[in-house]
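Structure data follow from my_file28.txt (compact mmCIF, C-alpha atoms):
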```
# COMPACT_ATOMS: atom_id res chain seq x y z
CA MET A 1 28.13 -3.45 -8.21
CA LYS A 2 27.35 -1.76 -4.91
CA ARG A 3 24.02 -2.68 -3.33
CA LEU A 4 21.69 -0.36 -1.46
CA SER A 5 18.82 -0.97 0.94
CA LEU A 6 15.34 -0.74 -0.54
CA GLY A 7 13.58 1.20 2.19
CA ASP A 8 12.42 -1.01 5.05
CA SER A 9 11.87 -4.05 2.83
CA GLY A 10 14.99 -5.87 4.00
CA ALA A 11 16.03 -6.25 0.36
CA GLU A 12 19.23 -4.88 -1.13
CA VAL A 13 19.30 -3.82 -4.77
CA SER A 14 21.91 -2.71 -7.28
CA ALA A 15 22.93 0.95 -7.06
CA LEU A 16 21.91 1.42 -10.70
CA CYS A 17 18.66 -0.11 -11.91
CA LEU A 18 18.42 -0.98 -15.60
CA GLY A 19 15.22 0.37 -17.13
CA CYS A 20 13.89 -1.93 -19.86
CA MET A 21 11.00 0.18 -21.18
CA TYR A 22 11.78 -0.12 -24.89
CA PHE A 23 13.21 -3.62 -24.90
CA GLY A 24 11.19 -5.59 -27.41
CA THR A 25 9.89 -2.53 -29.26
CA ARG A 26 12.35 0.24 -30.11
CA VAL A 27 15.28 -1.89 -28.92
CA ASP A 28 15.38 -5.19 -30.80
CA GLU A 29 15.84 -8.48 -28.99
CA GLN A 30 19.45 -9.09 -30.01
CA THR A 31 20.52 -5.63 -28.81
CA ALA A 32 18.45 -5.91 -25.62
CA PHE A 33 19.99 -9.28 -24.76
CA ARG A 34 23.46 -7.83 -25.28
CA LEU A 35 22.70 -4.88 -22.99
CA LEU A 36 21.22 -7.15 -20.34
CA ASP A 37 24.30 -9.37 -20.51
CA ARG A 38 26.66 -6.38 -20.14
CA TYR A 39 24.69 -5.05 -17.18
CA PHE A 40 24.68 -8.48 -15.53
CA GLU A 41 28.42 -8.92 -16.13
CA ALA A 42 28.99 -5.56 -14.39
CA GLY A 43 27.24 -6.94 -11.31
CA GLY A 44 23.85 -5.34 -11.98
CA ARG A 45 20.89 -7.36 -10.77
CA PHE A 46 18.01 -4.83 -10.64
CA LEU A 47 15.71 -4.77 -13.70
CA ASP A 48 12.70 -2.48 -14.13
CA THR A 49 9.79 -2.94 -16.53
CA SER A 50 5.99 -2.62 -16.64
CA ASN A 51 3.01 -4.47 -18.03
CA ASN A 52 2.26 -1.55 -20.38
CA TYR A 53 5.71 -1.18 -21.98
CA ALA A 54 5.54 -0.03 -24.65
CA PHE A 55 1.99 0.14 -25.99
CA TRP A 56 2.46 3.66 -27.44
CA VAL A 57 5.24 2.64 -29.84
CA ASP A 58 4.14 1.86 -33.40
CA GLY A 59 3.29 -1.84 -33.43
CA GLY A 60 3.37 -2.06 -29.63
CA GLU A 61 0.52 -3.49 -27.61
CA GLY A 62 2.06 -3.55 -24.12
CA GLY A 63 3.81 -6.48 -22.50
CA GLU A 64 6.66 -6.62 -25.02
CA SER A 65 9.29 -5.67 -22.46
CA GLU A 66 8.10 -8.24 -19.93
CA SER A 67 8.02 -10.95 -22.59
CA LEU A 68 11.56 -10.16 -23.72
CA LEU A 69 12.84 -10.23 -20.16
CA GLY A 70 11.11 -13.56 -19.66
CA ARG A 71 12.95 -15.01 -22.66
CA TRP A 72 16.30 -13.61 -21.47
CA LEU A 73 15.82 -14.96 -17.95
CA GLU A 74 14.90 -18.39 -19.31
CA GLN A 75 17.85 -18.56 -21.68
CA ARG A 76 20.34 -17.35 -19.07
CA GLY A 77 18.83 -19.43 -16.25
CA ASN A 78 19.41 -16.62 -13.75
CA ARG A 79 15.93 -15.70 -12.49
CA ASP A 80 16.85 -16.20 -8.83
CA GLU A 81 19.87 -13.90 -9.19
CA VAL A 82 17.81 -10.97 -10.50
CA PHE A 83 15.70 -8.49 -8.54
CA LEU A 84 12.82 -7.97 -10.94
CA ALA A 85 10.43 -5.01 -10.77
CA THR A 86 7.31 -4.47 -12.84
CA LYS A 87 4.18 -2.33 -12.58
CA VAL A 88 0.40 -2.38 -12.79
CA GLY A 89 -2.25 0.27 -13.28
CA ALA A 90 -1.41 2.06 -16.52
CA ASN A 91 -1.98 -0.63 -19.13
CA PRO A 92 -4.89 0.20 -21.47
CA SER A 93 -7.85 -2.06 -20.74
CA VAL A 94 -9.03 -2.00 -24.35
CA ALA A 95 -7.09 -2.85 -27.50
CA GLY A 96 -5.72 0.27 -29.13
CA GLY A 97 -6.59 2.40 -26.11
CA GLY A 98 -4.49 4.95 -24.27
CA LEU A 99 -3.90 6.05 -20.71
CA GLU A 100 -7.49 7.30 -20.56
CA ASP A 101 -8.41 3.60 -20.68
CA ALA A 102 -5.91 2.55 -18.03
CA GLU A 103 -6.75 -0.62 -16.10
CA GLY A 104 -6.47 1.20 -12.76
CA LEU A 105 -5.73 -0.24 -9.34
CA SER A 106 -8.88 -2.05 -8.30
CA ALA A 107 -8.29 -5.37 -6.56
CA GLY A 108 -9.68 -7.20 -9.60
CA ALA A 109 -7.42 -5.34 -12.04
CA ILE A 110 -4.41 -6.10 -9.87
CA ARG A 111 -5.23 -9.82 -9.67
CA ARG A 112 -5.67 -10.09 -13.43
CA ALA A 113 -2.58 -8.08 -14.26
CA VAL A 114 -0.18 -9.93 -11.99
CA ASP A 115 -0.98 -13.30 -13.53
CA ASP A 116 -0.45 -11.90 -17.02
CA SER A 117 2.87 -10.38 -15.97
CA LEU A 118 4.05 -13.59 -14.34
CA ARG A 119 3.21 -15.52 -17.49
CA ARG A 120 5.12 -13.12 -19.71
CA LEU A 121 8.08 -13.02 -17.32
CA GLY A 122 8.15 -16.80 -17.03
CA SER A 123 8.33 -16.50 -13.25
CA ASP A 124 6.19 -17.50 -10.30
CA TYR A 125 7.03 -14.35 -8.33
CA ILE A 126 7.82 -10.65 -8.77
CA ASP A 127 10.38 -9.08 -6.47
CA LEU A 128 8.95 -5.55 -6.57
CA TYR A 129 5.46 -4.68 -7.80
CA TYR A 130 4.60 -1.01 -8.33
CA ALA A 131 1.34 0.86 -8.43
CA HIS A 132 2.31 2.58 -11.68
CA VAL A 133 0.04 5.65 -11.57
CA ASP A 134 -2.12 6.79 -8.67
CA ASP A 135 -5.76 5.79 -9.15
CA ARG A 136 -8.00 8.29 -7.38
CA ALA A 137 -11.15 6.53 -8.63
CA THR A 138 -10.39 3.45 -6.51
CA ALA A 139 -10.34 3.52 -2.72
CA LEU A 140 -6.82 3.08 -1.35
CA GLU A 141 -8.15 0.43 1.01
CA GLU A 142 -9.17 -1.71 -1.97
CA THR A 143 -5.86 -1.23 -3.77
CA LEU A 144 -3.87 -2.14 -0.66
CA THR A 145 -6.04 -5.18 -0.02
CA GLY A 146 -5.42 -6.36 -3.57
CA PHE A 147 -1.67 -5.90 -3.25
CA GLY A 148 -1.67 -7.52 0.18
CA GLU A 149 -3.31 -10.64 -1.25
CA LEU A 150 -0.50 -10.99 -3.79
CA VAL A 151 2.16 -10.74 -1.09
CA SER A 152 0.36 -13.28 1.09
CA ALA A 153 0.08 -15.63 -1.89
CA GLY A 154 3.82 -15.36 -2.61
CA LYS A 155 3.30 -13.87 -6.06
CA VAL A 156 4.90 -10.59 -5.00
CA LYS A 157 7.66 -9.98 -2.46
CA HIS A 158 7.71 -6.20 -2.08
CA LEU A 159 5.48 -3.27 -3.01
CA GLY A 160 6.18 0.21 -4.31
CA CYS A 161 4.36 3.12 -5.91
CA SER A 162 5.11 5.54 -8.71
CA ASN A 163 3.76 8.90 -9.88
CA THR A 164 2.17 9.47 -6.49
CA THR A 165 2.18 12.53 -4.24
CA ALA A 166 3.76 12.46 -0.80
CA TRP A 167 0.48 12.74 1.11
CA ARG A 168 -1.00 9.80 -0.78
CA ILE A 169 2.08 7.69 -0.05
CA GLU A 170 1.85 8.51 3.64
CA ARG A 171 -1.87 7.74 3.71
CA ALA A 172 -1.36 4.44 1.89
CA ARG A 173 1.38 3.36 4.27
CA ARG A 174 -0.72 4.21 7.32
CA LEU A 175 -3.75 2.37 5.91
CA ALA A 176 -1.63 -0.68 5.10
CA GLN A 177 -0.30 -0.73 8.63
CA ALA A 178 -3.83 -0.44 10.04
CA GLN A 179 -5.04 -3.24 7.77
CA GLY A 180 -2.08 -5.43 8.64
CA VAL A 181 -1.04 -5.80 4.99
CA ALA A 182 2.22 -5.11 3.18
CA LYS A 183 3.01 -1.43 2.62
CA TYR A 184 4.93 0.50 0.01
CA CYS A 185 8.67 0.40 0.68
CA CYS A 186 9.68 2.75 -2.13
CA VAL A 187 8.52 5.36 -4.59
CA GLN A 188 9.72 5.72 -8.19
CA GLN A 189 9.33 9.28 -9.42
CA ARG A 190 10.55 11.45 -12.26
CA HIS A 191 13.73 12.97 -10.82
CA SER A 192 16.87 14.58 -12.16
CA TYR A 193 19.35 17.32 -11.32
CA LEU A 194 17.26 19.78 -13.30
CA ARG A 195 13.84 20.67 -11.95
CA PRO A 196 10.64 21.14 -13.96
CA ARG A 197 9.28 24.66 -14.15
CA PRO A 198 6.60 25.38 -11.53
CA GLY A 199 3.27 24.36 -13.00
CA ALA A 200 4.82 22.35 -15.84
CA ASP A 201 2.43 19.77 -17.26
CA LEU A 202 4.04 16.33 -17.16
CA GLY A 203 0.82 14.44 -17.84
CA VAL A 204 0.45 11.38 -15.61
CA GLN A 205 4.08 11.63 -14.59
CA VAL A 206 4.83 13.15 -11.20
CA ALA A 207 8.19 14.78 -10.50
CA ALA A 208 9.95 14.45 -7.17
CA GLY A 209 9.27 17.94 -5.86
CA ASP A 210 10.34 19.48 -2.57
CA GLU A 211 7.48 17.89 -0.62
CA LEU A 212 8.34 14.35 -1.70
CA LEU A 213 12.07 14.89 -1.26
CA ASP A 214 11.46 16.18 2.24
CA TYR A 215 9.20 13.21 2.96
CA CYS A 216 11.81 10.68 1.84
CA ALA A 217 14.57 12.49 3.73
CA ALA A 218 12.49 12.30 6.92
CA ASN A 219 11.38 8.70 6.30
CA GLU A 220 14.41 6.60 5.49
CA ASP A 221 12.19 3.52 5.35
CA VAL A 222 10.85 4.79 2.01
CA ALA A 223 13.44 4.46 -0.74
CA LEU A 224 13.45 6.94 -3.62
CA LEU A 225 14.07 5.76 -7.16
CA ALA A 226 14.62 8.24 -9.99
CA TYR A 227 13.29 7.60 -13.47
CA SER A 228 14.29 9.70 -16.51
CA PRO A 229 17.33 11.05 -14.62
CA LEU A 230 19.15 11.92 -17.85
CA LEU A 231 16.13 13.54 -19.52
CA GLY A 232 16.29 11.37 -22.60
CA GLY A 233 19.88 12.36 -23.43
CA ALA A 234 19.34 16.12 -23.23
CA PHE A 235 22.46 16.68 -21.11
CA THR A 236 24.87 15.49 -23.79
CA ARG A 237 23.13 14.96 -27.14
CA THR A 238 22.69 17.86 -29.55
CA ASP A 239 19.79 16.03 -31.22
CA ARG A 240 17.89 15.84 -27.91
CA PRO A 241 16.86 19.34 -26.80
CA LEU A 242 15.97 20.02 -23.21
CA PRO A 243 12.30 19.15 -22.61
CA GLU A 244 10.14 22.25 -22.72
CA GLU A 245 8.91 21.55 -19.17
CA TYR A 246 12.47 22.13 -17.89
CA ALA A 247 13.49 25.15 -19.97
CA GLY A 248 14.13 28.40 -18.09
CA PRO A 249 16.61 30.38 -15.98
CA ASP A 250 16.75 27.78 -13.21
CA SER A 251 17.84 25.05 -15.62
CA ASP A 252 20.28 27.44 -17.30
CA ALA A 253 22.00 28.08 -13.96
CA ARG A 254 22.06 24.41 -13.10
CA LEU A 255 23.41 23.38 -16.50
CA THR A 256 26.28 25.82 -16.07
CA ALA A 257 27.12 24.32 -12.67
CA LEU A 258 26.77 20.80 -14.04
CA HIS A 259 29.26 21.40 -16.83
CA GLU A 260 31.66 23.09 -14.43
CA VAL A 261 31.64 20.08 -12.12
CA ALA A 262 31.97 17.71 -15.09
CA ASN A 263 35.04 19.60 -16.28
CA ALA A 264 36.51 19.59 -12.77
CA THR A 265 36.02 15.86 -12.25
CA GLY A 266 36.70 14.64 -15.78
CA ALA A 267 33.30 12.94 -15.79
CA THR A 268 30.55 13.42 -18.34
CA PRO A 269 27.49 15.50 -17.41
CA ASN A 270 25.42 12.30 -17.41
CA GLN A 271 27.79 10.68 -14.95
CA VAL A 272 27.73 13.71 -12.68
CA VAL A 273 23.92 13.65 -12.62
CA LEU A 274 23.86 9.97 -11.66
CA ALA A 275 26.56 10.49 -9.01
CA TRP A 276 24.66 13.51 -7.66
CA LEU A 277 21.50 11.44 -7.26
CA HIS A 278 23.42 8.91 -5.17
CA ALA A 279 25.01 11.64 -3.05
CA SER A 280 21.94 13.85 -2.56
CA ALA A 281 19.79 14.05 0.52
CA PRO A 282 17.65 12.06 0.17
CA ALA A 283 19.75 9.71 -1.90
CA ALA A 284 18.05 8.23 -4.95
CA ILE A 285 18.62 5.04 -6.90
CA PRO A 286 18.73 6.04 -10.58
CA LEU A 287 17.09 4.07 -13.35
CA ILE A 288 19.42 4.05 -16.32
CA ALA A 289 18.33 3.31 -19.88
CA ALA A 290 20.44 2.49 -22.91
CA SER A 291 19.99 1.49 -26.52
CA THR A 292 23.73 1.00 -27.19
CA GLU A 293 26.58 -0.60 -25.28
CA ALA A 294 28.44 2.73 -25.27
CA GLN A 295 25.55 4.43 -23.48
CA LEU A 296 25.38 1.63 -20.94
CA ALA A 297 29.13 1.76 -20.33
CA GLU A 298 28.98 5.52 -19.72
CA ASN A 299 26.15 5.09 -17.23
CA LEU A 300 27.85 2.25 -15.37
CA ALA A 301 31.06 4.28 -15.07
CA ALA A 302 29.13 6.86 -13.04
CA LEU A 303 29.62 4.52 -10.07
CA ASP A 304 33.30 5.47 -10.15
CA VAL A 305 32.63 9.22 -9.95
CA GLN A 306 33.24 10.61 -6.48
CA LEU A 307 31.75 14.07 -5.95
CA GLN A 308 33.50 16.06 -3.23
CA ASP A 309 31.64 18.26 -0.75
CA GLY A 310 32.63 21.32 -2.77
CA HIS A 311 31.15 19.84 -5.92
CA LEU A 312 27.90 19.03 -4.15
CA ARG A 313 27.66 22.53 -2.65
CA HIS A 314 28.27 24.07 -6.06
CA LEU A 315 25.57 21.94 -7.66
CA SER A 316 23.07 22.61 -4.88
CA ALA A 317 23.68 26.36 -4.86
CA ALA A 318 22.88 26.79 -8.56
CA TRP A 319 19.36 28.11 -8.99
CA ALA A 320 17.45 31.04 -10.38
```
Before we go any further, please render this structure as structure tokens.
Amino acid sequence: MKRLSLGDSGAEVSALCLGCMYFGTRVDEQTAFRLLDRYFEAGGRFLDTSNNYAFWVDGGEGGESESLLGRWLEQRGNRDEVFLATKVGANPSVAGGGLEDAEGLSAGAIRRAVDDSLRRLGSDYIDLYYAHVDDRATALEETLTGFGELVSAGKVKHLGCSNTTAWRIERARRLAQAQGVAKYCCVQQRHSYLRPRPGADLGVQVAAGDELLDYCAANEDVALLAYSPLLGGAFTRTDRPLPEEYAGPDSDARLTALHEVANATGATPNQVVLAWLHASAPAAIPLIAASTEAQLAENLAALDVQLQDGHLRHLSAAWA
């Protein structure tokens, strides 16, 4: 699988990152292991999880995904071949709590969380550690100091952020440089071919709007990763309606263009979306998710889709 640079980190990662959110909860261990094996066999080496996955699922407490990955890595003996990303900041700090009880990004919370994640993952280091959700109640200086300590200790190799606005990313990177500590090399944001309606409420999630896209285009040292690129299957599955936050004339126009390009290329709409993310400016590394081998195979085949300039112009020109 093709590898891409992760901002200015010096690391190269797989062009498609496998999201493991529901591994160990909605996706049982046998199925998850099979999907991980298929992804690995296809050359994929970039896995994404979080310390809070998936506490909101019935029976979930958080940490299930990390624990499953830890068991898979141990059984396959391939930890050093995998680029492993996890997150901190959005795990409930009380049993049975929700995001209103999130642990946050204080230096103490970060220190506690990383050791718990390392234990579950069965590893002595994390390749990429994300600030999962921006924490406005904690000074950025404290958060960056906490992250910097982990990098200096060798527990974490690279840092990223998620669900964070462009100005906060820029401020954090400048503060990190001034403090002489490691800075964010990437941002993982909600991003797809369709755009949320202006003012749509996405909760704690932050979409990659024009400001962030412009920021990443102007700062190639900050890689952009796209989560939920396929909108939970809404592009192709009749049982998965388009999220309300995306419904409207703009999405209608874009869906028409998407299906036209899919018909012209012989690719599925999902594959066109993933190919478009790679070919956009700024380019984005998509996080794919799958609960079946067929879904994974479709996503992986997107790497073979070559969008021509005419296709890209047609997709970009569709708006309302």
For region 183-195 of chain A: contacts at 8 Å, all atoms listed in the file, fewer than 3 positions along chain excluded, given as a ChimeraX atom specification: /A:6-9,144,158-164,169,172-173,176-177,205-208,221-231,246,250-251,254-255,273,276-277
Nearest-residue call for Ser65 (chain A), choices A:Asp80, A:Asp28, A:Glu260, A:Asp135, using all atoms listed in the file: A:Asp28
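Minimum atom-to-atom distances from A:Ser123, A:Asn270, A:Thr138, A:Gln295 to Glu66 (chain A) were compared using all atoms listed in the file, and the lowest value belongs to A:Ser123.
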Residue neighbourhood Val156 (chain A), 8 Å, only C-alpha atoms, exclusion window fewer than 5 positions, as an MDAnalysis selection string: chainID A and resid 125:129 150:151
Shortest interatomic distance to Arg171 (chain A) - which of A:Glu103, A:Ala139, A:Ala200, A:His311, counting only C-alpha atoms: A:Ala139
Point-to-point distance from CA of Ala301 (chain A) to CA of Phe40 (chain A), Å rounded to tenths: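 One can read the CA of Ala301 (chain A) to CA of Phe40 (chain A) distance as 14.3 Å.
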Shell around Leu296 (chain A) at 10 Å using all atoms listed in the file, local window under 3 positions removed, as a list in words: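 Close residues of Leu296 (chain A): Leu18, Leu35, Leu36, Arg38, Tyr39, Ile288, Ala289, Ala290, Ser291, Thr292, Glu293, Asn299, Leu300 and Ala301 of chain A.
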Computed interatomic separation between CA of Gly310 (chain A) and CA of Ala218 (chain A) (Å): 24.1 Å
Distance in Å - CA of Leu118 (chain A) versus CA of Arg79 (chain A):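 Computed distance, CA of Leu118 (chain A) to CA of Arg79 (chain A), equals 12.2 Å.
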Which residue of A:Gly60, A:Gly248, A:Gly70, A:Gly19 approaches Arg45 (chain A) most closely, using all atoms listed in the file: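 Closest to Arg45 (chain A) of all the choices is A:Gly19.
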All residues 8 Å or closer to Phe147 (chain A), all atoms listed in the file, same chain fewer than 5 positions away omitted, as JSON, numbers by chain: {"A": [107, 110, 159, 182]}
Because the input lacks atoms here, generate N, CA and C atoms for region 63-76 of chain A and report them as a short mmCIF file (atom, residue, chain, number, x, y, z; two decimals), keeping the file's coordinate frame.
```cif
data_model
loop_
_atom_site.label_atom_id
_atom_site.label_comp_id
_atom_site.auth_asym_id
_atom_site.auth_seq_id
_atom_site.Cartn_x
_atom_site.Cartn_y
_atom_site.Cartn_z
N GLY A 63 3.35 -5.15 -22.87
CA GLY A 63 3.81 -6.48 -22.50
C GLY A 63 5.05 -6.94 -23.23
N GLU A 64 5.49 -6.18 -24.25
CA GLU A 64 6.66 -6.62 -25.02
C GLU A 64 7.91 -6.67 -24.16
N SER A 65 8.09 -5.70 -23.30
CA SER A 65 9.29 -5.67 -22.46
C SER A 65 9.30 -6.84 -21.49
N GLU A 66 8.17 -7.09 -20.84
CA GLU A 66 8.10 -8.24 -19.93
C GLU A 66 8.39 -9.54 -20.66
N SER A 67 7.82 -9.71 -21.84
CA SER A 67 8.02 -10.95 -22.59
C SER A 67 9.48 -11.13 -22.97
N LEU A 68 10.14 -10.06 -23.38
CA LEU A 68 11.56 -10.16 -23.72
C LEU A 68 12.38 -10.54 -22.50
N LEU A 69 12.11 -9.89 -21.38
CA LEU A 69 12.84 -10.23 -20.16
C LEU A 69 12.61 -11.70 -19.78
N GLY A 70 11.40 -12.16 -19.96
CA GLY A 70 11.11 -13.56 -19.66
C GLY A 70 11.96 -14.49 -20.51
N ARG A 71 12.13 -14.16 -21.78
CA ARG A 71 12.95 -15.01 -22.66
C ARG A 71 14.42 -14.94 -22.25
N TRP A 72 14.90 -13.75 -21.90
CA TRP A 72 16.30 -13.61 -21.47
C TRP A 72 16.56 -14.38 -20.18
N LEU A 73 15.66 -14.25 -19.22
CA LEU A 73 15.82 -14.96 -17.95
C LEU A 73 15.82 -16.47 -18.16
N GLU A 74 14.95 -16.94 -19.04
CA GLU A 74 14.90 -18.39 -19.31
C GLU A 74 16.17 -18.87 -19.98
N GLN A 75 16.64 -18.13 -20.96
CA GLN A 75 17.85 -18.56 -21.68
C GLN A 75 19.09 -18.49 -20.80
N ARG A 76 19.15 -17.49 -19.93
CA ARG A 76 20.34 -17.35 -19.07
C ARG A 76 20.22 -18.18 -17.79
#
```
